[in-house]
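Chemist: Have a look at this one before I ask anything.
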Amino acid sequence: MSIKEISKIQPESFEFSKDNLQEAENEIKKYPKDKQSSAVLALLYLVQKQNNNWIPLAAIKYVARLLGIPYIQVYEVSTFYSMFNLSPVGKYFVQVCTTTPCMLRGAKKVLEVCKKHISTSQKELSKNKLCSWTEVECLGACVNAPMMQINQDYFEDLDENKTEEIIQTLLEDKLPTPGSAKNRKNTAPEKGKTTLLEVKNA
Ligand code: FES
């Protein structure tokens, strides 16, 4: 999305819903009086949760006012962390891990599928505006590489066909079942466990 396009869709104002305001106040109370700006990450997370997974400029200013700190301080935080989105990401936000273990196990194919079916560039919405994708660093599921995160869920042990199937389902406005595409239980070996056999729930 270009800066011009992003500026066109910025809302004039933002404020927390009643519940989120309560939650924000609870977060702020966790810090000593002169350190309450430390609640900035929690408040930005709440903004994103309330606002379809992205943070508009009006919300950055709102959070700065709530915390009594300069707007630029909140802006710096929101632009530093890759988990904060500063433009719309669609109802289904696909984050493809491209760190070494995932790359070695075929993440490039996963990326190609995203480029083909969602949008040619990352952070751009699909034609039906339901989906966008981005590359991210290790999501901590290397043992099930290659993998991607869609909203809050992990999709693991992917290959080109499985990724196509998942992305097509998203574009039809449905969320597929998360987990291993090879039906592995968590990180267990593909043919069942090989150690701790005598431990019942290991
Ligand atoms: S390298 Fe992809 S999850 Fe760690």
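By convention in this document, the chains of the structure tokens carry letters A, B, ... by their order, each chain's residues are numbered from 1, and ligands are numbered from 1 in the order they are shown.
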Hey, could you make a per-residue contact list for chain A against ligand 1 with 10 Å as the cut-off, showing the nearest pair of atoms and its distance in Å to one decimal, counting only C-alpha atoms and all ligand atoms, sorted by chain and number, as CSV?
Modeler:
residue,atom,partner,partner_atom_place_in_ligand_line,distance
A:Val96,CA,ligand 1,2 (Fe),8.1
A:Cys97,CA,ligand 1,2 (Fe),4.7
A:Thr98,CA,ligand 1,2 (Fe),6.0
A:Thr99,CA,ligand 1,1 (S),4.4
A:Thr100,CA,ligand 1,1 (S),5.4
A:Pro101,CA,ligand 1,1 (S),4.4
A:Cys102,CA,ligand 1,2 (Fe),4.3
A:Met103,CA,ligand 1,1 (S),7.3
A:Leu104,CA,ligand 1,1 (S),8.9
A:Arg105,CA,ligand 1,2 (Fe),9.1
A:Ala107,CA,ligand 1,2 (Fe),8.3
A:Val136,CA,ligand 1,2 (Fe),8.6
A:Glu137,CA,ligand 1,2 (Fe),7.0
A:Cys138,CA,ligand 1,4 (Fe),3.8
A:Leu139,CA,ligand 1,3 (S),4.2
A:Gly140,CA,ligand 1,3 (S),4.4
A:Ala141,CA,ligand 1,3 (S),3.9
A:Cys142,CA,ligand 1,4 (Fe),3.6
A:Val143,CA,ligand 1,3 (S),7.3
A:Asn144,CA,ligand 1,3 (S),7.3
A:Ala145,CA,ligand 1,2 (Fe),5.7
A:Pro146,CA,ligand 1,2 (Fe),6.0
A:Met147,CA,ligand 1,2 (Fe),6.1
A:Met148,CA,ligand 1,3 (S),7.9
A:Gln149,CA,ligand 1,3 (S),9.5
A:Tyr154,CA,ligand 1,3 (S),9.7
A:Glu156,CA,ligand 1,3 (S),8.9
Chemist: Could you find all residues in segment 9-123 of chain A that DSSP calls alpha helix (DSSP H) from the backbone, and write them as a VMD selection string?
Modeler: chain A and resid 18 to 29 40 to 50 57 to 67 71 to 80 100 to 104 107 to 117
Chemist: Could those residues be written to a file, using C-alpha atoms, as a PDB file, in the first residue's frame?
Modeler:
ATOM      1  CA  LYS A  18     -15.503   0.710  27.169  1.00  0.00           C
ATOM      2  CA  ASP A  19     -14.006  -2.746  27.862  1.00  0.00           C
ATOM      3  CA  ASN A  20     -10.666  -1.961  26.258  1.00  0.00           C
ATOM      4  CA  LEU A  21     -10.416   1.345  28.116  1.00  0.00           C
ATOM      5  CA  GLN A  22     -10.884  -0.580  31.354  1.00  0.00           C
ATOM      6  CA  GLU A  23      -8.216  -3.071  30.270  1.00  0.00           C
ATOM      7  CA  ALA A  24      -5.866  -0.218  29.297  1.00  0.00           C
ATOM      8  CA  GLU A  25      -6.348   1.402  32.715  1.00  0.00           C
ATOM      9  CA  ASN A  26      -5.558  -1.930  34.385  1.00  0.00           C
ATOM     10  CA  GLU A  27      -2.349  -2.208  32.341  1.00  0.00           C
ATOM     11  CA  ILE A  28      -1.295   1.355  33.209  1.00  0.00           C
ATOM     12  CA  LYS A  29      -1.875   0.685  36.922  1.00  0.00           C
ATOM     13  CA  VAL A  40       2.764   1.471  25.659  1.00  0.00           C
ATOM     14  CA  LEU A  41       3.206  -2.021  24.160  1.00  0.00           C
ATOM     15  CA  ALA A  42       0.140  -3.398  25.941  1.00  0.00           C
ATOM     16  CA  LEU A  43      -1.959  -0.421  24.804  1.00  0.00           C
ATOM     17  CA  LEU A  44      -0.818  -0.690  21.179  1.00  0.00           C
ATOM     18  CA  TYR A  45      -1.656  -4.389  21.271  1.00  0.00           C
ATOM     19  CA  LEU A  46      -5.167  -3.492  22.477  1.00  0.00           C
ATOM     20  CA  VAL A  47      -5.551  -0.912  19.700  1.00  0.00           C
ATOM     21  CA  GLN A  48      -4.626  -3.495  17.089  1.00  0.00           C
ATOM     22  CA  LYS A  49      -7.036  -6.030  18.580  1.00  0.00           C
ATOM     23  CA  GLN A  50      -9.889  -3.511  18.476  1.00  0.00           C
ATOM     24  CA  LEU A  57      -2.199   7.346  13.335  1.00  0.00           C
ATOM     25  CA  ALA A  58      -5.170   8.658  15.315  1.00  0.00           C
ATOM     26  CA  ALA A  59      -4.763   5.702  17.698  1.00  0.00           C
ATOM     27  CA  ILE A  60      -1.052   6.432  18.162  1.00  0.00           C
ATOM     28  CA  LYS A  61      -1.958   9.992  19.209  1.00  0.00           C
ATOM     29  CA  TYR A  62      -4.745   8.660  21.457  1.00  0.00           C
ATOM     30  CA  VAL A  63      -2.342   6.260  23.239  1.00  0.00           C
ATOM     31  CA  ALA A  64       0.181   9.112  23.688  1.00  0.00           C
ATOM     32  CA  ARG A  65      -2.534  11.258  25.314  1.00  0.00           C
ATOM     33  CA  LEU A  66      -3.616   8.387  27.598  1.00  0.00           C
ATOM     34  CA  LEU A  67      -0.026   7.859  28.766  1.00  0.00           C
ATOM     35  CA  TYR A  71       3.229  11.313  20.216  1.00  0.00           C
ATOM     36  CA  ILE A  72       6.638  10.592  18.629  1.00  0.00           C
ATOM     37  CA  GLN A  73       7.513   8.238  21.494  1.00  0.00           C
ATOM     38  CA  VAL A  74       4.506   6.000  20.701  1.00  0.00           C
ATOM     39  CA  TYR A  75       5.187   6.324  16.970  1.00  0.00           C
ATOM     40  CA  GLU A  76       8.771   5.110  17.480  1.00  0.00           C
ATOM     41  CA  VAL A  77       7.566   2.002  19.316  1.00  0.00           C
ATOM     42  CA  SER A  78       4.838   1.189  16.795  1.00  0.00           C
ATOM     43  CA  THR A  79       7.256   1.461  13.841  1.00  0.00           C
ATOM     44  CA  PHE A  80      10.023  -0.533  15.566  1.00  0.00           C
ATOM     45  CA  THR A 100      17.081 -20.424   7.760  1.00  0.00           C
ATOM     46  CA  PRO A 101      15.344 -23.680   8.920  1.00  0.00           C
ATOM     47  CA  CYS A 102      12.100 -22.720   7.154  1.00  0.00           C
ATOM     48  CA  MET A 103      14.020 -21.561   4.050  1.00  0.00           C
ATOM     49  CA  LEU A 104      15.919 -24.863   3.901  1.00  0.00           C
ATOM     50  CA  ALA A 107       9.594 -21.495   2.592  1.00  0.00           C
ATOM     51  CA  LYS A 108      10.362 -20.085  -0.872  1.00  0.00           C
ATOM     52  CA  LYS A 109       7.531 -22.173  -2.324  1.00  0.00           C
ATOM     53  CA  VAL A 110       5.196 -20.909   0.416  1.00  0.00           C
ATOM     54  CA  LEU A 111       6.107 -17.331  -0.525  1.00  0.00           C
ATOM     55  CA  GLU A 112       5.500 -18.035  -4.221  1.00  0.00           C
ATOM     56  CA  VAL A 113       2.001 -19.284  -3.446  1.00  0.00           C
ATOM     57  CA  CYS A 114       1.269 -16.098  -1.447  1.00  0.00           C
ATOM     58  CA  LYS A 115       2.558 -13.924  -4.285  1.00  0.00           C
ATOM     59  CA  LYS A 116       0.494 -15.831  -6.840  1.00  0.00           C
ATOM     60  CA  HIS A 117      -2.807 -15.983  -4.960  1.00  0.00           C
TER      61      HIS A 117
END
Chemist: For the interface of segment 88-146 of chain A with segment 167-182 of chain A (cut-off 7 Å, counting only C-alpha atoms), please tabulate each contacting residue of segment 88-146 of chain A alongside its nearest pair of atoms and their separation in Å to one decimal, rows sorted by chain and increasing number, as CSV.
Modeler:
residue,atom,partner,partner_atom,distance
A:Tyr92,CA,A:Leu170,CA,6.9
A:Leu130,CA,A:Leu171,CA,6.5
A:Cys131,CA,A:Leu171,CA,6.9
Chemist: For segment 122-127 of chain A, work out the shell of residues within 8 Å, counting only C-alpha atoms and skipping chain neighbours fewer than 5 positions away, then give it as number ranges by chain.
Modeler: A: 1, 88-90, 115, 117, 132-135
Chemist: For segment 6-9 of chain A, list every protein, DNA or RNA residue within 9 Å, evaluated using only C-alpha atoms, and leave out those in the same chain fewer than 2 positions away; present the list as a PyMOL selection string.
Modeler: chain A and resi 1-4+11+56+86-88
Chemist: Enter the distance from atom CA of Asn51 of chain A to atom CA of Lys91 of chain A, in Å, rounded to one decimal.
Modeler: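 Atom CA of Lys91 of chain A lies at a distance of 10.9 Å from atom CA of Asn51 of chain A.
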Chemist: For Gln36 of chain A, which of A:Ile69, A:Lys129, A:Gln152, A:Glu164 is the closest residue, counting only C-alpha atoms?
Modeler: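 Among A:Ile69, A:Lys129, A:Gln152, A:Glu164, it is A:Ile69 that comes nearest to Gln36 of chain A.
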